[in-house]
$ cat structure_30.txt   # compact mmCIF, C-alpha atoms
# COMPACT_ATOMS: atom_id res chain seq x y z
CA MET A 1 -74.29 35.60 2.75
CA ARG A 2 -71.10 37.58 2.27
CA ALA A 3 -70.42 37.96 6.00
CA ALA A 4 -70.69 34.22 6.64
CA ALA A 5 -68.39 33.53 3.69
CA GLY A 6 -65.89 35.99 5.15
CA VAL A 7 -65.94 34.26 8.53
CA GLY A 8 -65.48 30.98 6.70
CA LEU A 9 -62.28 32.33 5.16
CA TYR A 10 -61.06 33.28 8.65
CA PHE A 11 -61.49 29.69 9.82
CA THR A 12 -60.08 28.18 6.61
CA GLY A 13 -56.88 30.24 6.80
CA ASN A 14 -56.41 29.45 10.47
CA GLY A 15 -56.86 25.71 9.92
CA ALA A 16 -54.31 25.72 7.11
CA VAL A 17 -51.33 27.19 9.00
CA PHE A 18 -50.65 24.61 11.72
CA ALA A 19 -51.65 21.68 9.48
CA ALA A 20 -48.98 22.80 7.00
CA LEU A 21 -46.30 22.25 9.65
CA LEU A 22 -47.27 18.78 10.88
CA PRO A 23 -46.04 16.71 7.89
CA TRP A 24 -42.56 18.23 8.29
CA TYR A 25 -42.11 16.98 11.87
CA PRO A 26 -40.20 13.80 10.88
CA LEU A 27 -37.71 15.88 8.89
CA LEU A 28 -37.25 18.28 11.80
CA VAL A 29 -36.71 15.42 14.24
CA GLU A 30 -34.06 13.92 11.97
CA ARG A 31 -32.36 17.25 11.29
CA LEU A 32 -32.26 18.30 14.95
CA GLY A 33 -31.43 14.83 16.28
CA LEU A 34 -34.31 14.76 18.76
CA SER A 35 -35.11 11.61 20.70
CA SER A 36 -38.72 10.52 21.14
CA TRP A 37 -39.07 11.98 24.63
CA GLN A 38 -37.39 15.22 23.56
CA PHE A 39 -39.74 15.55 20.61
CA GLY A 40 -42.69 14.87 22.92
CA LEU A 41 -41.63 17.71 25.20
CA VAL A 42 -41.04 20.05 22.26
CA VAL A 43 -44.45 19.53 20.64
CA ALA A 44 -46.15 19.84 24.03
CA CYS A 45 -45.02 23.49 23.99
CA PHE A 46 -47.76 24.24 21.46
CA ALA A 47 -50.40 23.28 24.04
CA VAL A 48 -48.51 25.12 26.76
CA GLY A 49 -48.49 28.26 24.63
CA SER A 50 -52.24 28.06 24.12
CA LEU A 51 -52.71 27.80 27.88
CA LEU A 52 -50.37 30.68 28.63
CA SER A 53 -52.39 32.96 26.35
CA SER A 54 -55.17 32.77 28.96
CA ALA A 55 -56.51 36.31 29.37
CA LEU A 56 -54.86 37.72 26.25
CA PRO A 57 -57.67 37.17 23.72
CA ALA A 58 -60.33 39.21 25.52
CA ALA A 59 -57.85 41.97 26.35
CA LEU A 60 -56.55 42.21 22.78
CA ILE A 61 -60.05 42.15 21.33
CA ALA A 62 -61.12 44.90 23.72
CA ARG A 63 -58.14 47.01 22.66
CA PHE A 64 -57.98 46.39 18.92
CA GLY A 65 -61.23 44.67 17.90
CA ALA A 66 -61.77 41.07 16.84
CA HIS A 67 -61.08 41.58 13.14
CA ARG A 68 -57.70 43.17 13.74
CA VAL A 69 -56.81 40.44 16.22
CA VAL A 70 -57.66 37.75 13.65
CA ILE A 71 -55.57 39.40 10.92
CA GLY A 72 -52.64 40.32 13.16
CA GLY A 73 -52.73 36.95 14.87
CA THR A 74 -52.69 35.17 11.51
CA VAL A 75 -49.60 37.14 10.51
CA MET A 76 -47.91 36.04 13.74
CA LEU A 77 -49.04 32.44 13.14
CA GLY A 78 -47.37 32.46 9.74
CA VAL A 79 -44.18 33.96 11.18
CA ALA A 80 -44.04 31.40 14.01
CA ALA A 81 -44.67 28.46 11.67
CA SER A 82 -42.03 29.70 9.23
CA ALA A 83 -39.55 30.30 12.05
CA THR A 84 -40.01 26.71 13.20
CA ALA A 85 -38.55 25.56 9.90
CA TRP A 86 -35.37 27.51 10.68
CA SER A 87 -34.88 25.85 14.08
CA VAL A 88 -31.27 24.90 14.82
CA ASN A 89 -32.02 22.96 18.00
CA GLY A 90 -34.88 21.65 20.09
CA VAL A 91 -34.99 24.75 22.29
CA MET A 92 -35.58 27.05 19.33
CA MET A 93 -38.24 24.73 17.96
CA ALA A 94 -39.94 24.63 21.36
CA ILE A 95 -39.98 28.45 21.56
CA CYS A 96 -41.46 28.69 18.07
CA LEU A 97 -44.18 26.18 18.92
CA LEU A 98 -44.88 28.01 22.18
CA LEU A 99 -45.48 31.22 20.22
CA LEU A 100 -47.49 29.32 17.63
CA GLY A 101 -49.77 27.87 20.30
CA CYS A 102 -50.26 31.24 21.95
CA CYS A 103 -51.16 32.94 18.65
CA ASP A 104 -53.42 30.08 17.62
CA ALA A 105 -55.45 30.34 20.83
CA ILE A 106 -55.83 34.10 20.41
CA VAL A 107 -56.96 33.82 16.78
CA ASP A 108 -59.27 30.94 17.70
CA VAL A 109 -61.15 33.06 20.22
CA ALA A 110 -61.29 36.11 17.95
CA GLN A 111 -62.59 34.23 14.91
CA ASN A 112 -65.23 32.48 17.02
CA VAL A 113 -66.32 35.85 18.38
CA VAL A 114 -66.71 37.12 14.82
CA GLY A 115 -68.65 33.99 13.82
CA ILE A 116 -70.94 34.23 16.83
CA SER A 117 -71.66 37.87 16.11
CA VAL A 118 -72.53 37.16 12.47
CA GLN A 119 -74.64 34.21 13.60
CA GLU A 120 -76.62 36.32 16.07
CA ARG A 121 -77.13 39.20 13.65
CA SER A 122 -78.23 36.98 10.77
CA GLY A 123 -80.51 34.82 12.91
CA ARG A 124 -78.99 31.71 11.29
CA THR A 125 -76.82 29.04 12.87
CA ILE A 126 -73.45 29.06 11.07
CA LEU A 127 -70.82 28.20 13.68
CA SER A 128 -70.68 24.46 12.96
CA SER A 129 -70.11 25.19 9.28
CA MET A 130 -67.32 27.59 10.19
CA HIS A 131 -65.57 24.87 12.19
CA ALA A 132 -66.13 22.51 9.26
CA LEU A 133 -64.23 24.94 7.06
CA TRP A 134 -61.43 24.96 9.65
CA SER A 135 -61.27 21.16 9.38
CA LEU A 136 -61.37 21.36 5.59
CA GLY A 137 -58.59 23.95 5.53
CA GLY A 138 -56.47 21.69 7.71
CA LEU A 139 -57.13 18.61 5.59
CA VAL A 140 -56.26 20.34 2.32
CA SER A 141 -53.20 22.08 3.75
CA GLY A 142 -51.92 18.93 5.44
CA ALA A 143 -52.34 16.88 2.26
CA ALA A 144 -50.56 19.52 0.19
CA ALA A 145 -47.72 19.72 2.73
CA THR A 146 -47.38 15.93 2.68
CA ALA A 147 -47.08 16.01 -1.10
CA ALA A 148 -44.55 18.85 -0.89
CA ALA A 149 -42.46 16.99 1.67
CA SER A 150 -42.54 13.83 -0.46
CA ALA A 151 -41.35 15.88 -3.44
CA SER A 152 -38.42 17.25 -1.37
CA PHE A 153 -39.75 20.81 -1.53
CA ASP A 154 -37.89 23.26 0.70
CA MET A 155 -39.71 23.31 4.05
CA ARG A 156 -38.84 26.94 4.80
CA VAL A 157 -40.17 28.18 1.49
CA TRP A 158 -43.31 26.07 1.78
CA LEU A 159 -44.26 27.30 5.25
CA ALA A 160 -43.57 30.91 4.25
CA LEU A 161 -45.87 30.51 1.24
CA ILE A 162 -48.64 28.97 3.34
CA GLY A 163 -48.33 31.70 5.96
CA PHE A 164 -48.55 34.38 3.28
CA ALA A 165 -51.53 32.64 1.65
CA ALA A 166 -53.32 32.40 5.02
CA VAL A 167 -52.91 36.14 5.56
CA ILE A 168 -54.29 36.90 2.08
CA ILE A 169 -57.24 34.58 2.73
CA THR A 170 -57.92 36.27 6.06
CA ILE A 171 -57.79 39.77 4.56
CA ALA A 172 -60.18 38.63 1.83
CA GLY A 173 -62.50 37.39 4.55
CA ARG A 174 -62.37 40.78 6.27
CA ARG A 175 -63.38 42.53 3.05
CA LEU A 176 -66.32 40.17 2.61
CA ILE A 177 -67.55 40.80 6.16
CA GLY A 178 -67.21 44.56 5.72
CA GLY A 179 -69.10 46.51 8.37
CA TYR A 180 -71.70 43.79 8.91
CA ALA A 181 -70.40 42.80 12.35
CA SER A 182 -68.28 45.77 13.41
CA PRO A 183 -70.24 48.31 15.39
CA ARG A 184 -68.80 47.74 18.88
CA ARG A 185 -66.10 45.97 20.80
CA VAL A 186 -66.57 42.58 22.34
CA ALA A 187 -65.49 43.69 25.77
CA ASP A 188 -68.35 46.21 25.75
CA SER A 189 -70.96 43.62 24.88
CA ASP A 190 -72.27 43.65 28.42
CA ALA A 191 -71.76 47.32 28.99
CA ASP A 192 -74.34 50.03 29.23
CA PRO A 193 -74.98 51.29 25.69
CA ASP A 194 -74.62 54.82 27.05
CA SER A 195 -71.30 54.16 28.69
CA GLY A 196 -69.52 56.10 25.99
CA SER A 197 -67.62 53.20 24.55
CA GLY A 198 -68.59 54.40 21.13
CA ALA A 199 -68.12 52.66 17.82
CA ASP A 200 -65.02 51.46 16.13
CA PRO A 201 -65.36 50.87 12.43
CA ASP A 202 -62.94 47.98 12.55
CA SER A 203 -63.34 46.84 16.11
CA GLY A 204 -64.83 43.50 15.36
CA SER A 205 -67.74 41.35 15.93
CA GLU A 206 -68.30 41.37 19.58
CA ALA A 207 -71.51 43.21 20.11
CA GLY A 208 -74.43 44.28 18.10
CA GLY A 209 -74.98 47.99 18.64
CA PRO A 210 -78.14 49.50 20.10
CA ALA A 211 -80.50 46.89 18.75
CA ASP A 212 -78.32 44.15 20.13
CA SER A 213 -78.17 45.94 23.46
CA ASP A 214 -81.94 46.16 23.63
CA ARG A 215 -82.34 42.52 22.75
CA HIS A 216 -80.10 41.45 25.60
CA GLY A 217 -81.51 43.90 28.07
CA ARG A 218 -78.13 45.36 28.90
CA GLY A 219 -79.44 48.62 30.24
CA GLY A 220 -80.37 46.93 33.50
CA HIS A 221 -77.14 44.99 33.88
CA GLY A 222 -74.21 46.98 32.50
CA ARG A 223 -70.81 46.82 34.08
CA GLY A 224 -72.32 46.75 37.54
CA GLY A 225 -74.08 43.47 36.72
CA ALA A 226 -70.82 41.94 35.50
CA ALA A 227 -68.94 43.17 38.55
CA GLY A 228 -71.64 41.92 40.89
CA ARG A 229 -71.53 38.42 39.55
CA SER A 230 -69.02 36.36 41.48
CA LYS A 231 -66.14 34.71 39.70
CA ARG A 232 -67.14 31.42 41.26
CA ALA A 233 -70.65 31.62 39.80
CA ILE A 234 -69.24 32.44 36.37
CA LEU A 235 -66.84 29.50 36.58
CA PHE A 236 -69.61 27.11 37.61
CA ALA A 237 -71.71 28.30 34.68
CA ALA A 238 -68.80 27.88 32.25
CA LEU A 239 -67.58 24.50 33.51
CA PRO A 240 -70.34 22.32 31.98
CA LEU A 241 -69.77 24.02 28.63
CA ALA A 242 -66.05 23.41 28.96
CA ILE A 243 -66.70 19.72 29.67
CA VAL A 244 -68.70 19.40 26.44
CA ALA A 245 -65.93 21.22 24.53
CA ILE A 246 -63.27 18.98 26.11
CA CYS A 247 -65.23 15.92 25.00
CA GLY A 248 -65.29 17.16 21.41
CA ALA A 249 -61.60 18.08 21.46
CA ALA A 250 -60.68 14.75 23.12
CA VAL A 251 -62.12 12.83 20.17
CA GLU A 252 -59.96 14.92 17.81
CA ASP A 253 -56.88 14.38 19.96
CA ILE A 254 -57.40 10.62 20.14
CA ALA A 255 -57.94 10.51 16.37
CA ASN A 256 -54.70 12.45 15.82
CA ASN A 257 -52.56 10.24 18.02
CA TRP A 258 -54.18 6.82 18.34
CA ALA A 259 -56.51 6.07 15.40
CA GLY A 260 -53.75 4.75 13.15
CA LEU A 261 -52.25 2.59 15.89
CA ALA A 262 -55.69 1.17 16.71
CA ALA A 263 -56.24 0.30 13.05
CA VAL A 264 -52.98 -1.64 12.94
CA GLU A 265 -53.31 -3.34 16.33
CA PHE A 266 -57.03 -4.08 16.40
CA ALA A 267 -57.95 -4.75 12.77
CA ASP A 268 -54.66 -5.77 11.12
CA VAL A 269 -54.74 -2.77 8.78
CA PRO A 270 -51.33 -2.41 7.06
CA ALA A 271 -49.23 0.33 8.62
CA ALA A 272 -48.92 2.13 5.28
CA SER A 273 -52.73 2.38 5.10
CA ALA A 274 -53.44 3.09 8.77
CA GLY A 275 -53.89 6.81 8.10
CA ILE A 276 -57.31 6.02 6.68
CA ALA A 277 -58.63 5.70 10.25
CA PHE A 278 -57.66 9.28 11.07
CA SER A 279 -59.00 10.49 7.72
CA ILE A 280 -62.39 8.91 8.37
CA VAL A 281 -62.70 10.56 11.79
CA ILE A 282 -61.81 14.01 10.47
CA GLY A 283 -63.79 13.57 7.27
CA SER A 284 -66.96 12.50 9.08
CA GLN A 285 -66.47 15.33 11.57
CA CYS A 286 -66.22 17.79 8.70
CA LEU A 287 -69.43 16.37 7.17
CA GLY A 288 -71.14 16.53 10.57
CA ARG A 289 -70.17 20.17 10.99
CA PHE A 290 -71.51 21.15 7.59
CA SER A 291 -74.84 19.48 8.39
CA GLY A 292 -74.73 20.49 12.05
CA ASP A 293 -76.08 24.00 11.54
CA LEU A 294 -79.27 22.70 9.95
CA LEU A 295 -79.67 20.05 12.64
CA VAL A 296 -79.06 22.50 15.48
CA THR A 297 -81.52 24.98 13.99
CA ARG A 298 -84.16 22.27 13.64
CA PHE A 299 -83.70 20.33 16.90
CA GLY A 300 -81.61 22.53 19.21
CA ALA A 301 -77.95 22.41 20.25
CA GLY A 302 -78.63 20.34 23.37
CA ARG A 303 -80.46 17.53 21.56
CA ILE A 304 -77.88 17.29 18.80
CA ALA A 305 -75.04 17.24 21.35
CA ARG A 306 -76.81 14.50 23.31
CA LEU A 307 -77.20 12.47 20.12
CA GLY A 308 -73.54 13.13 19.38
CA GLY A 309 -72.58 11.83 22.80
CA GLY A 310 -74.49 8.64 22.11
CA LEU A 311 -72.66 8.20 18.80
CA ILE A 312 -69.32 8.77 20.52
CA ALA A 313 -70.12 6.14 23.15
CA LEU A 314 -71.26 3.63 20.52
CA GLY A 315 -68.25 4.43 18.36
CA GLY A 316 -65.97 3.93 21.35
CA ILE A 317 -67.49 0.53 22.05
CA GLY A 318 -67.13 -0.39 18.38
CA VAL A 319 -63.47 0.60 18.35
CA VAL A 320 -62.71 -1.35 21.53
CA VAL A 321 -64.35 -4.59 20.33
CA ALA A 322 -63.35 -4.35 16.65
CA GLN A 323 -61.52 -7.33 15.20
CA GLU A 324 -61.72 -6.38 11.52
CA PRO A 325 -61.49 -3.16 9.47
CA VAL A 326 -65.17 -2.58 8.64
CA LEU A 327 -66.42 -2.31 12.23
CA LEU A 328 -63.39 -0.25 13.23
CA LEU A 329 -63.79 2.26 10.40
CA VAL A 330 -67.56 2.57 10.84
CA SER A 331 -66.94 3.23 14.54
CA MET A 332 -64.35 5.87 13.65
CA GLY A 333 -66.95 7.53 11.45
CA ALA A 334 -69.42 7.57 14.36
CA LEU A 335 -66.80 9.23 16.57
CA GLY A 336 -66.17 11.99 14.06
CA PHE A 337 -69.82 12.68 13.28
CA GLY A 338 -70.81 12.56 16.94
CA SER A 339 -68.16 15.07 17.99
CA ALA A 340 -68.85 17.50 15.14
CA THR A 341 -71.03 20.10 16.88
CA LEU A 342 -69.63 19.88 20.41
CA VAL A 343 -66.87 22.51 20.30
CA PRO A 344 -68.80 25.08 18.19
CA GLY A 345 -71.92 24.49 20.30
CA ALA A 346 -70.04 24.99 23.57
CA LEU A 347 -68.31 28.15 22.34
CA GLY A 348 -71.59 29.53 21.04
CA ALA A 349 -73.19 28.97 24.44
CA ALA A 350 -70.13 30.48 26.14
CA ALA A 351 -70.75 33.74 24.29
CA ARG A 352 -74.13 33.96 26.03
CA LEU A 353 -72.85 33.48 29.57
CA PRO A 354 -74.15 36.32 31.76
CA GLY A 355 -71.75 38.78 33.30
CA VAL A 356 -68.58 38.16 31.30
CA GLY A 357 -69.25 39.47 27.79
CA ARG A 358 -68.98 37.59 24.56
CA ALA A 359 -65.17 37.55 24.30
CA GLY A 360 -64.78 36.80 28.00
CA GLY A 361 -67.10 33.79 27.83
CA VAL A 362 -65.48 32.35 24.71
CA THR A 363 -61.99 32.93 26.13
CA LEU A 364 -62.84 31.22 29.43
CA VAL A 365 -64.41 28.11 27.90
CA ASN A 366 -61.74 27.90 25.20
CA TRP A 367 -58.99 28.01 27.84
CA LEU A 368 -60.69 25.41 30.06
CA MET A 369 -61.12 23.19 27.00
CA ARG A 370 -57.41 23.36 26.23
CA VAL A 371 -56.51 22.59 29.84
CA GLY A 372 -58.84 19.59 29.85
CA TYR A 373 -57.89 17.86 26.63
CA LEU A 374 -54.16 18.41 27.25
CA GLY A 375 -54.25 15.27 29.40
CA THR A 376 -56.25 13.08 26.99
CA SER A 377 -53.41 11.33 25.17
CA PRO A 378 -51.24 10.92 28.28
CA LEU A 379 -54.21 9.29 30.04
CA VAL A 380 -54.79 6.93 27.12
CA GLY A 381 -51.07 6.12 27.09
CA VAL A 382 -50.90 5.38 30.82
CA VAL A 383 -53.93 3.08 30.70
CA ALA A 384 -52.71 1.41 27.51
CA THR A 385 -49.29 0.78 29.05
CA GLY A 386 -50.81 -0.96 32.05
CA ALA A 387 -53.84 -2.71 30.56
CA GLY A 388 -53.59 -2.55 26.77
CA LEU A 389 -54.72 -0.11 24.09
CA ARG A 390 -58.31 -1.41 24.02
CA TRP A 391 -58.75 -0.40 27.64
CA GLY A 392 -56.98 2.88 26.95
CA LEU A 393 -59.38 3.79 24.16
CA GLY A 394 -62.28 2.84 26.43
CA ILE A 395 -62.06 6.47 27.55
CA LEU A 396 -64.16 7.23 24.46
CA VAL A 397 -67.17 5.61 26.10
CA LEU A 398 -66.71 7.89 29.12
CA VAL A 399 -66.38 10.88 26.78
CA GLY A 400 -69.71 9.98 25.16
CA ALA A 401 -71.42 9.56 28.54
CA LEU A 402 -70.16 12.92 29.83
CA THR A 403 -71.37 14.60 26.66
CA MET A 404 -74.88 13.23 27.12
CA ILE A 405 -74.95 14.32 30.77
CA PHE A 406 -73.95 17.94 30.11
CA ALA A 407 -75.43 18.44 26.63
CA ASN A 408 -78.51 20.25 27.95
CA ARG A 409 -76.31 23.09 29.21
CA LEU A 410 -75.70 24.26 25.64
CA GLY A 411 -79.04 26.05 25.82
CA VAL A 412 -77.69 28.77 28.13
CA ARG A 413 -79.31 32.20 27.69
CA ARG A 414 -78.25 35.66 28.76
CA ASP A 415 -79.97 37.18 31.78
$ encode --input "structure_30.txt" --output "structure tokens"
Amino acid sequence: MRAAAGVGLYFTGNGAVFAALLPWYPLLVERLGLSSWQFGLVVACFAVGSLLSSALPAALIARFGAHRVVIGGTVMLGVAASATAWSVNGVMMAICLLLLGCCDAIVDVAQNVVGISVQERSGRTILSSMHALWSLGGLVSGAAATAAASASFDMRVWLALIGFAAVIITIAGRRLIGGYASPRRVADSDADPDSGSGADPDSGSEAGGPADSDRHGRGGHGRGGAAGRSKRAILFAALPLAIVAICGAAVEDIANNWAGLAAVEFADVPAASAGIAFSIVIGSQCLGRFSGDLLVTRFGAGRIARLGGGLIALGGIGVVVAQEPVLLLVSMGALGFGSATLVPGALGAAARLPGVGRAGGVTLVNWLMRVGYLGTSPLVGVVATGAGLRWGLGILVLVGALTMIFANRLGVRRD
């Protein structure tokens, strides 16, 4: 399907931009003379930026449409990543990463809104595959950037090229989608079809026109239904979905920051080869996302998420007790595969939350997810400092248990 391929290009381009910057961090640290704690504060600005974006995605989508937000946001992502390479001190780098995080969160919501709209209109589950393409884009871009850095390629030129390529990929995706998912704005997805919001030929993927309005029964809810629903009730409905999303993101965060160290400390893997642990988590997650759509269609999002939680818990136990590479790496694979469908499943369910609209639901859960997993690595570090890394990574067992408890909430339906 052309529309699904176009959405896939959105996700691929987005995944490539930030991953292209990561391998250059050591060079930036050396060039700017940053200490470890200074670097930690600087890179934390990316997460802070994503949190500060808060209400921006839904507002921008309502004003310009999801497609334009994806394309414009990707341009800004490329500019921010390229500007980071020109940093002359830690403050400038922090500001660039703050902007990068803000733009990334906005594009993330907008591209998920597009994917959800295409998914609903086609009647096929595609969101897990879209997130798999994001992972694949990041893997390919990160590997290429690593090779470029090793070959002493100019960092500023490289990041500018990747930013430009990501914009071209995104525009190509827009052309493939065409008018398939563009009849109405996301912010109007819960509005009365007769409210006069009208159509915008490029306004994005938020709602599905008259047929979509009939299917969701919006005539009886409209803006009055959204206004009548208390913020507290909406938050309570979104919180379980956010917990599932946090669990999926926490596995990624732990893989990014702790998998290599665990391989060295637990299983005596040579430091030069420790990156294989991270690669296995991300690779198995990518595989799980590609197969996730078929599994979710066949068995339901809740069942697959519950199974994923079990795999995360078992993988966490395996990592904690591992004494040799085989058990450790198999456990890492279980973590990646188990977490594969959690974030796309939670965001897909968020789009169906009553009373907030598709963009509002995705924005809310996405923001809560980013707030939640922001503390994952610090928590692991605090526990590891006091009791050892094995106890610190024991949080993975808790992550798996929480996933199983809240997995059934992924079956949320609109009123």
$ residues_around --input "structure_30.txt" --residues "A:Ser129" --least-positions-apart "2" --cutoff "8 Å" --atoms "only C-alpha atoms" --output "JSON, numbers by chain"
{"A": [8, 126, 127, 131, 132, 133, 289, 290, 291, 292, 293]}
$ residues_around --input "structure_30.txt" --residues "A:Ala401" --least-positions-apart "3" --cutoff "10 Å" --atoms "all atoms listed in the file" --output "JSON, numbers by chain"
{"A": [247, 306, 309, 310, 311, 312, 313, 314, 395, 396, 397, 398, 404, 405, 406, 407]}
$ atom_distance --input "structure_30.txt" --atom1 "atom CA of A:Ser230" --atom2 "atom CA of A:Ile246"
23.9 Å
$ residues_around --input "structure_30.txt" --residues "A:Thr146" --least-positions-apart "4" --cutoff "7 Å" --atoms "all atoms listed in the file" --output "PDB file with C-alpha atoms, in the coordinates of the input"
ATOM      1  CA  PRO A  23     -46.040  16.710   7.890  1.00  0.00           C
ATOM      2  CA  GLY A 142     -51.920  18.930   5.440  1.00  0.00           C
ATOM      3  CA  SER A 150     -42.540  13.830  -0.460  1.00  0.00           C
TER       4      SER A 150
END
$ residues_near_point --input "structure_30.txt" --point "(-44.5, 25.0, 1.5)" --cutoff "6 Å" --atoms "only C-alpha atoms" --output "list in words"
Met155, Val157, Trp158, Leu159 and Leu161 of chain A
$ closest_atom_pairs --input "structure_30.txt" --of "stretch 253-332 of chain A" --to "stretch 339-361 of chain A" --cutoff "12 Å" --atoms "only C-alpha atoms" --output "JSON lines"
{"residue": "A:Asp253", "atom": "CA", "partner": "A:Ser339", "partner_atom": "CA", "distance": 11.5}
{"residue": "A:Ile254", "atom": "CA", "partner": "A:Ser339", "partner_atom": "CA", "distance": 11.8}
{"residue": "A:Ala255", "atom": "CA", "partner": "A:Ser339", "partner_atom": "CA", "distance": 11.3}
{"residue": "A:Val281", "atom": "CA", "partner": "A:Ser339", "partner_atom": "CA", "distance": 9.4}
{"residue": "A:Ile282", "atom": "CA", "partner": "A:Ala340", "partner_atom": "CA", "distance": 9.1}
{"residue": "A:Gly283", "atom": "CA", "partner": "A:Ala340", "partner_atom": "CA", "distance": 10.1}
{"residue": "A:Ser284", "atom": "CA", "partner": "A:Ala340", "partner_atom": "CA", "distance": 8.1}
{"residue": "A:Gln285", "atom": "CA", "partner": "A:Ala340", "partner_atom": "CA", "distance": 4.8}
{"residue": "A:Cys286", "atom": "CA", "partner": "A:Ala340", "partner_atom": "CA", "distance": 7.0}
{"residue": "A:Leu287", "atom": "CA", "partner": "A:Ala340", "partner_atom": "CA", "distance": 8.1}
{"residue": "A:Gly288", "atom": "CA", "partner": "A:Ala340", "partner_atom": "CA", "distance": 5.2}
{"residue": "A:Arg289", "atom": "CA", "partner": "A:Ala340", "partner_atom": "CA", "distance": 5.1}
{"residue": "A:Phe290", "atom": "CA", "partner": "A:Ala340", "partner_atom": "CA", "distance": 8.8}
{"residue": "A:Ser291", "atom": "CA", "partner": "A:Ala340", "partner_atom": "CA", "distance": 9.2}
{"residue": "A:Gly292", "atom": "CA", "partner": "A:Thr341", "partner_atom": "CA", "distance": 6.1}
{"residue": "A:Asp293", "atom": "CA", "partner": "A:Thr341", "partner_atom": "CA", "distance": 8.3}
{"residue": "A:Leu294", "atom": "CA", "partner": "A:Thr341", "partner_atom": "CA", "distance": 11.1}
{"residue": "A:Leu295", "atom": "CA", "partner": "A:Thr341", "partner_atom": "CA", "distance": 9.6}
{"residue": "A:Val296", "atom": "CA", "partner": "A:Thr341", "partner_atom": "CA", "distance": 8.5}
{"residue": "A:Thr297", "atom": "CA", "partner": "A:Gly345", "partner_atom": "CA", "distance": 11.5}
{"residue": "A:Gly300", "atom": "CA", "partner": "A:Gly345", "partner_atom": "CA", "distance": 9.9}
{"residue": "A:Ala301", "atom": "CA", "partner": "A:Gly345", "partner_atom": "CA", "distance": 6.4}
{"residue": "A:Gly302", "atom": "CA", "partner": "A:Gly345", "partner_atom": "CA", "distance": 8.5}
{"residue": "A:Arg303", "atom": "CA", "partner": "A:Thr341", "partner_atom": "CA", "distance": 10.8}
{"residue": "A:Ile304", "atom": "CA", "partner": "A:Thr341", "partner_atom": "CA", "distance": 7.6}
{"residue": "A:Ala305", "atom": "CA", "partner": "A:Leu342", "partner_atom": "CA", "distance": 6.1}
{"residue": "A:Arg306", "atom": "CA", "partner": "A:Leu342", "partner_atom": "CA", "distance": 9.4}
{"residue": "A:Leu307", "atom": "CA", "partner": "A:Ser339", "partner_atom": "CA", "distance": 9.6}
{"residue": "A:Gly308", "atom": "CA", "partner": "A:Ser339", "partner_atom": "CA", "distance": 5.9}
{"residue": "A:Gly309", "atom": "CA", "partner": "A:Ser339", "partner_atom": "CA", "distance": 7.3}
{"residue": "A:Gly310", "atom": "CA", "partner": "A:Ser339", "partner_atom": "CA", "distance": 9.9}
{"residue": "A:Leu311", "atom": "CA", "partner": "A:Ser339", "partner_atom": "CA", "distance": 8.3}
{"residue": "A:Ile312", "atom": "CA", "partner": "A:Ser339", "partner_atom": "CA", "distance": 6.9}
{"residue": "A:Ala313", "atom": "CA", "partner": "A:Ser339", "partner_atom": "CA", "distance": 10.5}
{"residue": "A:Gly315", "atom": "CA", "partner": "A:Ser339", "partner_atom": "CA", "distance": 10.6}
{"residue": "A:Gly316", "atom": "CA", "partner": "A:Ser339", "partner_atom": "CA", "distance": 11.8}
{"residue": "A:Met332", "atom": "CA", "partner": "A:Ser339", "partner_atom": "CA", "distance": 10.9}
$ residues_around --input "structure_30.txt" --residues "A:Ser53" --least-positions-apart "6" --cutoff "9 Å" --atoms "all atoms listed in the file" --output "list of chain:residue names"
A:Gly101, A:Cys102, A:Cys103, A:Ala105, A:Ile106, A:Trp367
$ write_last_selection --input "structure_30.txt" --atoms "C-alpha atoms" --output "mmCIF file, in the frame of the given file"
data_model
loop_
_atom_site.group_PDB
_atom_site.id
_atom_site.type_symbol
_atom_site.label_atom_id
_atom_site.label_comp_id
_atom_site.auth_asym_id
_atom_site.auth_seq_id
_atom_site.Cartn_x
_atom_site.Cartn_y
_atom_site.Cartn_z
ATOM 1 C CA GLY A 101 -49.770 27.870 20.300
ATOM 2 C CA CYS A 102 -50.260 31.240 21.950
ATOM 3 C CA CYS A 103 -51.160 32.940 18.650
ATOM 4 C CA ALA A 105 -55.450 30.340 20.830
ATOM 5 C CA ILE A 106 -55.830 34.100 20.410
ATOM 6 C CA TRP A 367 -58.990 28.010 27.840
#
$ atom_distance --input "structure_30.txt" --atom1 "atom CA of A:Leu393" --atom2 "atom CA of A:Gly49"
26.8 Å
$ atom_distance --input "structure_30.txt" --atom1 "atom CA of A:Ala143" --atom2 "atom CA of A:Thr12"
14.4 Å
$ residues_around --input "structure_30.txt" --residues "stretch 82-85 of chain A" --least-positions-apart "5" --cutoff "9 Å" --atoms "only C-alpha atoms" --output "VMD selection string"
chain A and resid 21 24 28 77 92 to 97 155 to 163
